[in-house]
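Below is structure.cif, holding mmCIF, C-alpha atoms.
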data_data
#
loop_
_atom_site.label_atom_id
_atom_site.label_comp_id
_atom_site.auth_asym_id
_atom_site.auth_seq_id
_atom_site.Cartn_x
_atom_site.Cartn_y
_atom_site.Cartn_z
CA MET S 1 -7.64 33.23 -25.92
CA ALA S 2 -4.83 32.30 -28.21
CA SER S 3 -5.76 32.47 -31.83
CA ARG S 4 -6.21 29.03 -33.25
CA GLY S 5 -6.11 27.54 -36.65
CA LEU S 6 -3.40 28.84 -38.93
CA LEU S 7 -0.43 28.69 -36.62
CA SER S 8 0.66 25.49 -34.97
CA ARG S 9 0.54 25.38 -31.21
CA ALA S 10 4.32 25.04 -31.19
CA SER S 11 4.81 28.33 -33.00
CA ARG S 12 2.26 30.12 -30.82
CA MET S 13 4.04 28.84 -27.73
CA LYS S 14 7.39 29.85 -29.08
CA THR S 15 6.24 33.38 -29.87
CA ARG S 16 4.60 33.80 -26.49
CA LEU S 17 7.57 32.53 -24.51
CA GLN S 18 10.08 34.37 -26.63
CA SER S 19 8.47 37.76 -26.23
CA ALA S 20 7.71 37.43 -22.52
CA LEU S 21 10.99 35.86 -21.44
CA GLU S 22 13.29 37.54 -23.95
CA ALA S 23 14.87 34.16 -24.37
CA THR S 24 18.45 33.75 -25.47
CA LEU S 25 17.53 30.36 -26.80
CA ILE S 26 14.18 28.74 -27.24
CA GLU S 27 13.21 25.36 -28.60
CA VAL S 28 9.69 23.98 -28.73
CA GLU S 29 9.35 20.44 -29.93
CA ASP S 30 6.01 18.78 -30.55
CA VAL S 31 6.27 15.23 -29.23
CA SER S 32 2.56 14.49 -29.24
CA TYR S 33 3.11 11.54 -31.54
CA GLN S 34 4.83 9.78 -28.63
CA HIS S 35 1.58 9.92 -26.74
CA ALA S 36 -0.83 8.88 -29.47
CA GLY S 37 -3.68 6.92 -27.95
CA HIS S 38 -3.19 8.71 -24.65
CA ALA S 39 -6.69 9.40 -23.36
CA ALA S 40 -6.17 13.14 -22.98
CA VAL S 41 -5.27 13.42 -26.65
CA LYS S 42 -8.70 12.24 -27.68
CA GLU S 43 -10.51 14.25 -25.03
CA SER S 44 -9.00 17.54 -26.05
CA GLY S 45 -9.92 17.20 -29.72
CA THR S 46 -6.45 18.29 -30.74
CA ASN S 47 -3.39 16.35 -31.66
CA GLU S 48 -1.00 18.95 -30.27
CA THR S 49 -0.81 17.89 -26.66
CA HIS S 50 2.76 17.09 -25.58
CA PHE S 51 5.79 19.32 -25.97
CA ASN S 52 9.40 19.53 -24.97
CA VAL S 53 10.37 23.09 -24.19
CA LYS S 54 13.89 24.35 -23.72
CA ILE S 55 14.37 27.96 -22.71
CA VAL S 56 17.44 29.92 -21.79
CA SER S 57 16.53 33.27 -20.31
CA SER S 58 18.13 35.69 -17.90
CA LYS S 59 14.64 36.19 -16.45
CA PHE S 60 15.10 32.86 -14.67
CA ASP S 61 17.95 34.34 -12.68
CA GLY S 62 17.39 34.00 -8.94
CA HIS S 63 14.36 31.75 -9.33
CA ASN S 64 14.23 28.09 -8.36
CA LEU S 65 12.90 25.42 -10.72
CA VAL S 66 9.37 25.50 -9.35
CA LYS S 67 9.19 29.24 -9.93
CA ARG S 68 10.66 28.92 -13.42
CA HIS S 69 8.20 26.24 -14.39
CA ARG S 70 5.36 28.32 -12.98
CA MET S 71 6.47 31.25 -15.13
CA VAL S 72 6.29 29.04 -18.22
CA TYR S 73 2.93 27.54 -17.24
CA GLU S 74 1.48 30.97 -16.58
CA LEU S 75 2.54 32.23 -19.98
CA LEU S 76 0.96 29.18 -21.59
CA SER S 77 -2.25 29.16 -19.59
CA ASP S 78 -4.39 29.75 -22.70
CA GLU S 79 -2.79 26.78 -24.37
CA LEU S 80 -3.19 24.63 -21.26
CA GLN S 81 -6.88 25.44 -21.28
CA SER S 82 -7.26 24.53 -24.93
CA GLY S 83 -5.83 21.05 -25.00
CA LEU S 84 -2.14 21.41 -24.20
CA HIS S 85 -1.68 18.50 -21.88
CA ALA S 86 1.91 18.13 -20.77
CA LEU S 87 5.22 19.92 -21.00
CA SER S 88 8.71 18.76 -20.36
CA ILE S 89 10.53 21.92 -19.41
CA ILE S 90 14.22 22.74 -19.34
CA ALA S 91 14.63 26.27 -17.97
CA LYS S 92 18.12 27.65 -17.56
CA THR S 93 19.79 30.97 -17.17
CA PRO S 94 22.42 31.90 -19.79
CA LYS S 95 25.08 31.32 -17.16
CA GLU S 96 23.83 27.82 -16.33
CA ALA S 97 23.64 27.00 -20.02
CA GLY S 98 27.22 28.18 -20.49
CA MET S 99 26.16 30.89 -22.90
CA MET O 100 -23.65 17.09 13.41
CA ALA O 101 -20.34 15.71 14.50
CA ARG O 102 -21.51 12.30 13.58
CA SER O 103 -22.70 13.20 10.12
CA LEU O 104 -19.42 14.97 9.49
CA SER O 105 -17.42 11.94 10.42
CA GLN O 106 -19.61 9.88 8.17
CA LEU O 107 -18.88 12.23 5.33
CA LEU O 108 -15.23 11.98 6.13
CA LEU O 109 -15.40 8.24 6.11
CA LYS O 110 -17.21 8.24 2.80
CA ARG O 111 -14.63 10.52 1.27
CA PHE O 112 -11.71 8.46 2.35
CA VAL O 113 -13.28 5.27 1.21
CA ALA O 114 -14.00 6.86 -2.13
CA TYR O 115 -10.43 8.12 -2.43
CA PRO O 116 -8.24 5.21 -1.58
CA LEU O 117 -4.66 6.14 -0.88
CA THR O 118 -1.91 3.87 -1.99
CA ARG O 119 0.98 3.74 0.36
CA SER O 120 3.82 1.61 -0.72
CA SER O 121 7.30 0.89 0.39
CA ALA O 122 9.81 1.95 -2.19
CA ILE O 123 11.20 -1.52 -2.40
CA THR O 124 8.32 -3.90 -2.16
CA PHE O 125 5.36 -1.66 -2.87
CA ARG O 126 3.37 -3.46 -0.29
CA SER O 127 0.23 -1.66 0.74
CA ILE O 128 -0.11 -0.65 4.32
CA ASN O 129 -3.50 -0.81 5.87
CA GLN O 130 -3.01 1.89 8.45
CA ASP O 131 -6.54 1.66 9.68
CA GLU O 132 -9.88 0.75 8.26
CA VAL O 133 -10.30 4.00 6.47
CA TRP O 134 -6.98 4.33 4.69
CA TYR O 135 -7.35 1.26 2.63
CA SER O 136 -5.10 0.50 -0.27
CA THR O 137 -6.21 0.90 -3.81
CA SER O 138 -5.87 -1.75 -6.45
CA VAL O 139 -4.81 -1.99 -10.03
CA PRO O 140 -7.75 -1.47 -12.40
CA SER O 141 -9.36 -4.78 -13.13
CA ASP O 142 -9.51 -4.27 -16.87
CA PRO O 143 -6.12 -3.17 -18.14
CA ASP O 144 -7.50 -2.52 -21.62
CA THR O 145 -9.83 0.20 -20.53
CA HIS O 146 -8.06 3.45 -19.84
CA GLU O 147 -9.45 5.19 -16.78
CA ASP O 148 -9.94 8.39 -18.74
CA PHE O 149 -12.66 6.74 -20.76
CA ARG O 150 -14.63 5.50 -17.83
CA PRO O 151 -17.34 7.46 -16.13
CA THR O 152 -15.45 8.64 -13.11
CA SER O 153 -17.67 10.76 -10.95
CA LYS O 154 -18.73 8.32 -8.33
CA LEU O 155 -19.43 10.79 -5.57
CA GLU O 156 -22.43 12.85 -4.79
CA SER O 157 -21.18 16.21 -3.66
CA SER O 158 -20.77 16.58 0.05
CA GLY O 159 -19.85 19.44 2.30
CA LEU O 160 -16.30 18.30 2.86
CA SER O 161 -13.87 20.08 0.65
CA LEU O 162 -11.55 17.98 -1.44
CA GLU O 163 -8.90 20.55 -0.81
CA ASN O 164 -8.96 19.48 2.84
CA ILE O 165 -8.13 15.97 1.77
CA VAL O 166 -5.19 17.19 -0.27
CA GLU O 167 -4.03 19.31 2.63
CA GLN O 168 -4.24 16.32 4.95
CA ASP O 169 -2.50 14.03 2.44
CA VAL O 170 0.56 16.21 2.15
CA LYS O 171 0.69 16.82 5.88
CA GLU O 172 0.47 13.16 6.88
CA ASN O 173 2.51 11.56 4.14
CA PRO O 174 6.21 12.45 3.95
CA VAL O 175 6.34 11.56 0.27
CA MET O 176 3.06 12.16 -1.53
CA ILE O 177 2.56 11.84 -5.24
CA TYR O 178 -0.55 12.65 -7.25
CA MET O 179 -0.21 10.73 -10.44
CA LYS O 180 -1.87 9.12 -13.42
CA GLY O 181 -2.35 5.51 -12.52
CA VAL O 182 -0.84 3.83 -9.49
CA PRO O 183 2.85 3.35 -8.60
CA GLU O 184 2.66 -0.28 -9.68
CA LEU O 185 1.07 0.69 -12.98
CA PRO O 186 1.56 4.32 -14.03
CA ARG O 187 -0.63 5.47 -16.91
CA CYS O 188 1.62 8.18 -18.22
CA GLY O 189 5.32 8.39 -19.01
CA PHE O 190 5.87 11.38 -16.73
CA SER O 191 4.19 9.72 -13.76
CA SER O 192 6.18 6.60 -14.47
CA LEU O 193 9.43 8.57 -14.49
CA ALA O 194 8.63 10.29 -11.19
CA VAL O 195 7.86 6.95 -9.51
CA ARG O 196 11.06 5.42 -10.86
CA VAL O 197 13.08 8.30 -9.43
CA LEU O 198 11.41 8.08 -6.01
CA LYS O 199 11.91 4.31 -5.94
CA GLU O 200 15.67 4.93 -5.92
CA TYR O 201 15.32 5.97 -2.29
CA SER O 202 14.21 3.80 0.58
CA VAL O 203 11.20 5.86 1.47
CA PRO O 204 7.52 5.00 1.67
CA ILE O 205 5.60 6.55 -1.19
CA SER O 206 1.98 7.54 -0.84
CA ALA O 207 0.03 7.97 -4.02
CA ARG O 208 -3.34 8.97 -5.33
CA ASN O 209 -4.56 8.21 -8.81
CA ILE O 210 -6.03 11.44 -10.19
CA LEU O 211 -7.46 9.63 -13.21
CA GLU O 212 -10.01 8.12 -10.86
CA ASP O 213 -11.73 11.40 -10.21
CA PRO O 214 -11.70 14.70 -12.11
CA GLU O 215 -12.82 16.54 -8.97
CA LEU O 216 -9.80 15.34 -7.06
CA LYS O 217 -7.61 16.27 -10.02
CA ASN O 218 -8.96 19.81 -10.00
CA ALA O 219 -8.62 20.07 -6.23
CA VAL O 220 -4.94 19.14 -6.42
CA LYS O 221 -4.36 21.65 -9.22
CA ALA O 222 -6.05 24.37 -7.22
CA PHE O 223 -4.10 23.47 -4.11
CA SER O 224 -0.68 23.62 -5.74
CA HIS O 225 -1.45 26.12 -8.52
CA TRP O 226 0.25 23.72 -10.90
CA PRO O 227 -1.49 22.61 -14.09
CA THR O 228 0.02 19.19 -14.83
CA PHE O 229 0.65 15.78 -13.30
CA PRO O 230 2.43 14.11 -11.61
CA GLN O 231 2.79 16.40 -8.61
CA ILE O 232 5.12 15.53 -5.78
CA PHE O 233 5.09 16.78 -2.21
CA ILE O 234 7.83 16.05 0.31
CA ASN O 235 7.23 16.82 3.98
CA GLY O 236 4.29 18.96 2.97
CA GLU O 237 6.33 21.03 0.55
CA PHE O 238 5.35 21.20 -3.10
CA ILE O 239 8.29 19.91 -5.13
CA GLY O 240 7.01 20.01 -8.71
CA GLY O 241 6.59 17.49 -11.51
CA SER O 242 8.74 14.86 -13.18
CA ASP O 243 11.28 17.27 -14.71
CA ILE O 244 12.01 18.81 -11.34
CA ILE O 245 12.19 15.55 -9.40
CA LEU O 246 14.58 14.14 -11.99
CA ASN O 247 16.69 17.28 -11.81
CA MET O 248 16.83 17.11 -8.02
CA HIS O 249 17.75 13.44 -8.23
CA GLN O 250 20.66 14.23 -10.53
CA SER O 251 21.86 17.18 -8.47
CA GLY O 252 21.79 15.29 -5.16
CA GLU O 253 19.21 17.68 -3.76
CA LEU O 254 16.58 14.95 -3.55
CA LYS O 255 18.82 12.68 -1.50
CA GLU O 256 19.30 15.51 0.96
CA LYS O 257 15.57 16.18 1.16
CA LEU O 258 14.69 12.54 1.71
CA LYS O 259 17.47 11.81 4.16
CA THR O 260 15.44 12.07 7.35
CA ILE O 261 12.54 10.15 5.87
CA ALA O 262 14.84 7.37 4.68
CA ALA O 263 16.53 7.23 8.10
CA ASN O 264 13.20 6.93 9.90
CA GLN O 265 12.17 4.23 7.49
CA GLY O 266 15.39 2.31 8.21
CA LYS O 267 14.63 2.38 11.92
CA ALA O 268 11.10 1.18 11.41
CA GLU O 269 12.14 -1.85 9.47
#
Rendering of file as structure tokens:
Amino acid sequence: MASRGLLSRASRMKTRLQSALEATLIEVEDVSYQHAGHAAVKESGTNETHFNVKIVSSKFDGHNLVKRHRMVYELLSDELQSGLHALSIIAKTPKEAGM
Amino acid sequence: MARSLSQLLLKRFVAYPLTRSSAITFRSINQDEVWYSTSVPSDPDTHEDFRPTSKLESSGLSLENIVEQDVKENPVMIYMKGVPELPRCGFSSLAVRVLKEYSVPISARNILEDPELKNAVKAFSHWPTFPQIFINGEFIGGSDIILNMHQSGELKEKLKTIAANQGKAE
């Protein structure tokens, strides 16, 4: 279980993704406010539910989008089980990102 | 035995109405008595998530079988929040808008109507969020991926045969 309380979900997610994917670039943006009133927000008892995630990692090399998204979802499975509701994911390799 | 099974089947399909709409008109097709179209919730102020949703006593028929059958029989299948005519989530709305760009029939199920169905779809695809799109039985992904494929031209390629068949039918 991810530790909860002190750190925001965004920073937990960032740390987790960064260390596992050795990301060249990582951005995690909490956009939960755009979904205020969304039923799942109330159900989960947390207000950190919706995030935009942008990751550039060479670990995505050779994997299609479904596989890349699965990699991200798997790394965040604890968060998904504790109220994280939806992610918008941009997952690129350094080459695709022009880096 | 066979009879009770078919009754179960009937019950299941009645309980899980499938929306099948043309991309252009979103008319509902009544393929047969069982596959009846769903309707927009009668009270637009009450979000489905707040309603008691479990309206089924458990039966022997696995929901996963229904999902399997859905994606096999419907060239474009989307599991979404709300219905194509009235999506209940921005991501579902985006996915429907993208698919509507192509002249293909879209079949949809509203996963907000039943948490059991929602879990069955998740288990089937091993994907934690919605919407989920299947084309010709293949799991495609969610709204980010469908948008990406739309922009790259990959989606047009994938839907080509379905769109061509649709053109012939009309």
Compute the chain O side of the contact with chain S at 7 Å, counting only C-alpha atoms, and hand it back as a PyMOL selection string.
chain O and resi 148+228+240+243-244
Taking only C-alpha atoms into account, name the residue in O:Leu246, O:Cys188, O:Val175, O:Ile234 that is nearest to Ala36 of chain S.
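Using only C-alpha atoms, the shortest distance to Ala36 of chain S belongs to O:Cys188.
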Atom CA of Val166 of chain O and atom CA of Met179 of chain O, how far apart in Å?
13.0 Å
Which value, in Å to one decimal, gives the distance between atom CA of Val28 of chain S and atom CA of Arg12 of chain S?
9.9 Å
Taking only C-alpha atoms into account, which of S:Ala97, S:Leu7, S:Ala91, S:Met13 comes nearest Lys59 of chain S?
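Between S:Ala97, S:Leu7, S:Ala91, S:Met13, the residue approaching Lys59 of chain S most closely is S:Ala91.
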Residues at most 9 Å from Asn173 of chain O, counting only C-alpha atoms, excluding those fewer than 3 positions away in the same chain, as a ChimeraX atom specification?
/O:119,168-170,176,204-206,233-236
I'd like the interatomic distance between atom CA of Leu258 of chain O and atom CA of Ile55 of chain S, to a tenth of an Å.
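It comes out at 28.9 Å.
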Excluding Ser11 of chain S and residues on its chain fewer than 6 positions from it, collect all residues at most 10 Å away from it, counting only C-alpha atoms, and give them as a VMD selection string.
chain S and resid 17 27 to 30
I need the residue set behind the PyMOL selection byres ((chain S and resi 99) around 12) for this file; please write it as a list in words.
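For this structure, the PyMOL selection byres ((chain S and resi 99) around 12) captures Ala23, Thr24, Leu25, Val56, Ser57, Ser58, Lys92, Thr93, Pro94, Lys95, Glu96, Ala97 and Gly98 of chain S.
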Shortest interatomic distance to Glu172 of chain O - which of O:Glu237, O:Leu185, O:Ser202, O:Phe229, counting only C-alpha atoms
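Comparing O:Glu237, O:Leu185, O:Ser202, O:Phe229 against Glu172 of chain O, the winner is O:Glu237.
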Suppose a student applies the PyMOL selection byres ((chain O and resi 220) around 9) to this structure; what residues should they get, written as a list of chain:residue names?
O:Leu162, O:Glu163, O:Val166, O:Tyr178, O:Ile210, O:Glu215, O:Leu216, O:Lys217, O:Asn218, O:Ala219, O:Lys221, O:Ala222, O:Phe223, O:Ser224, O:His225, O:Trp226, O:Gln231
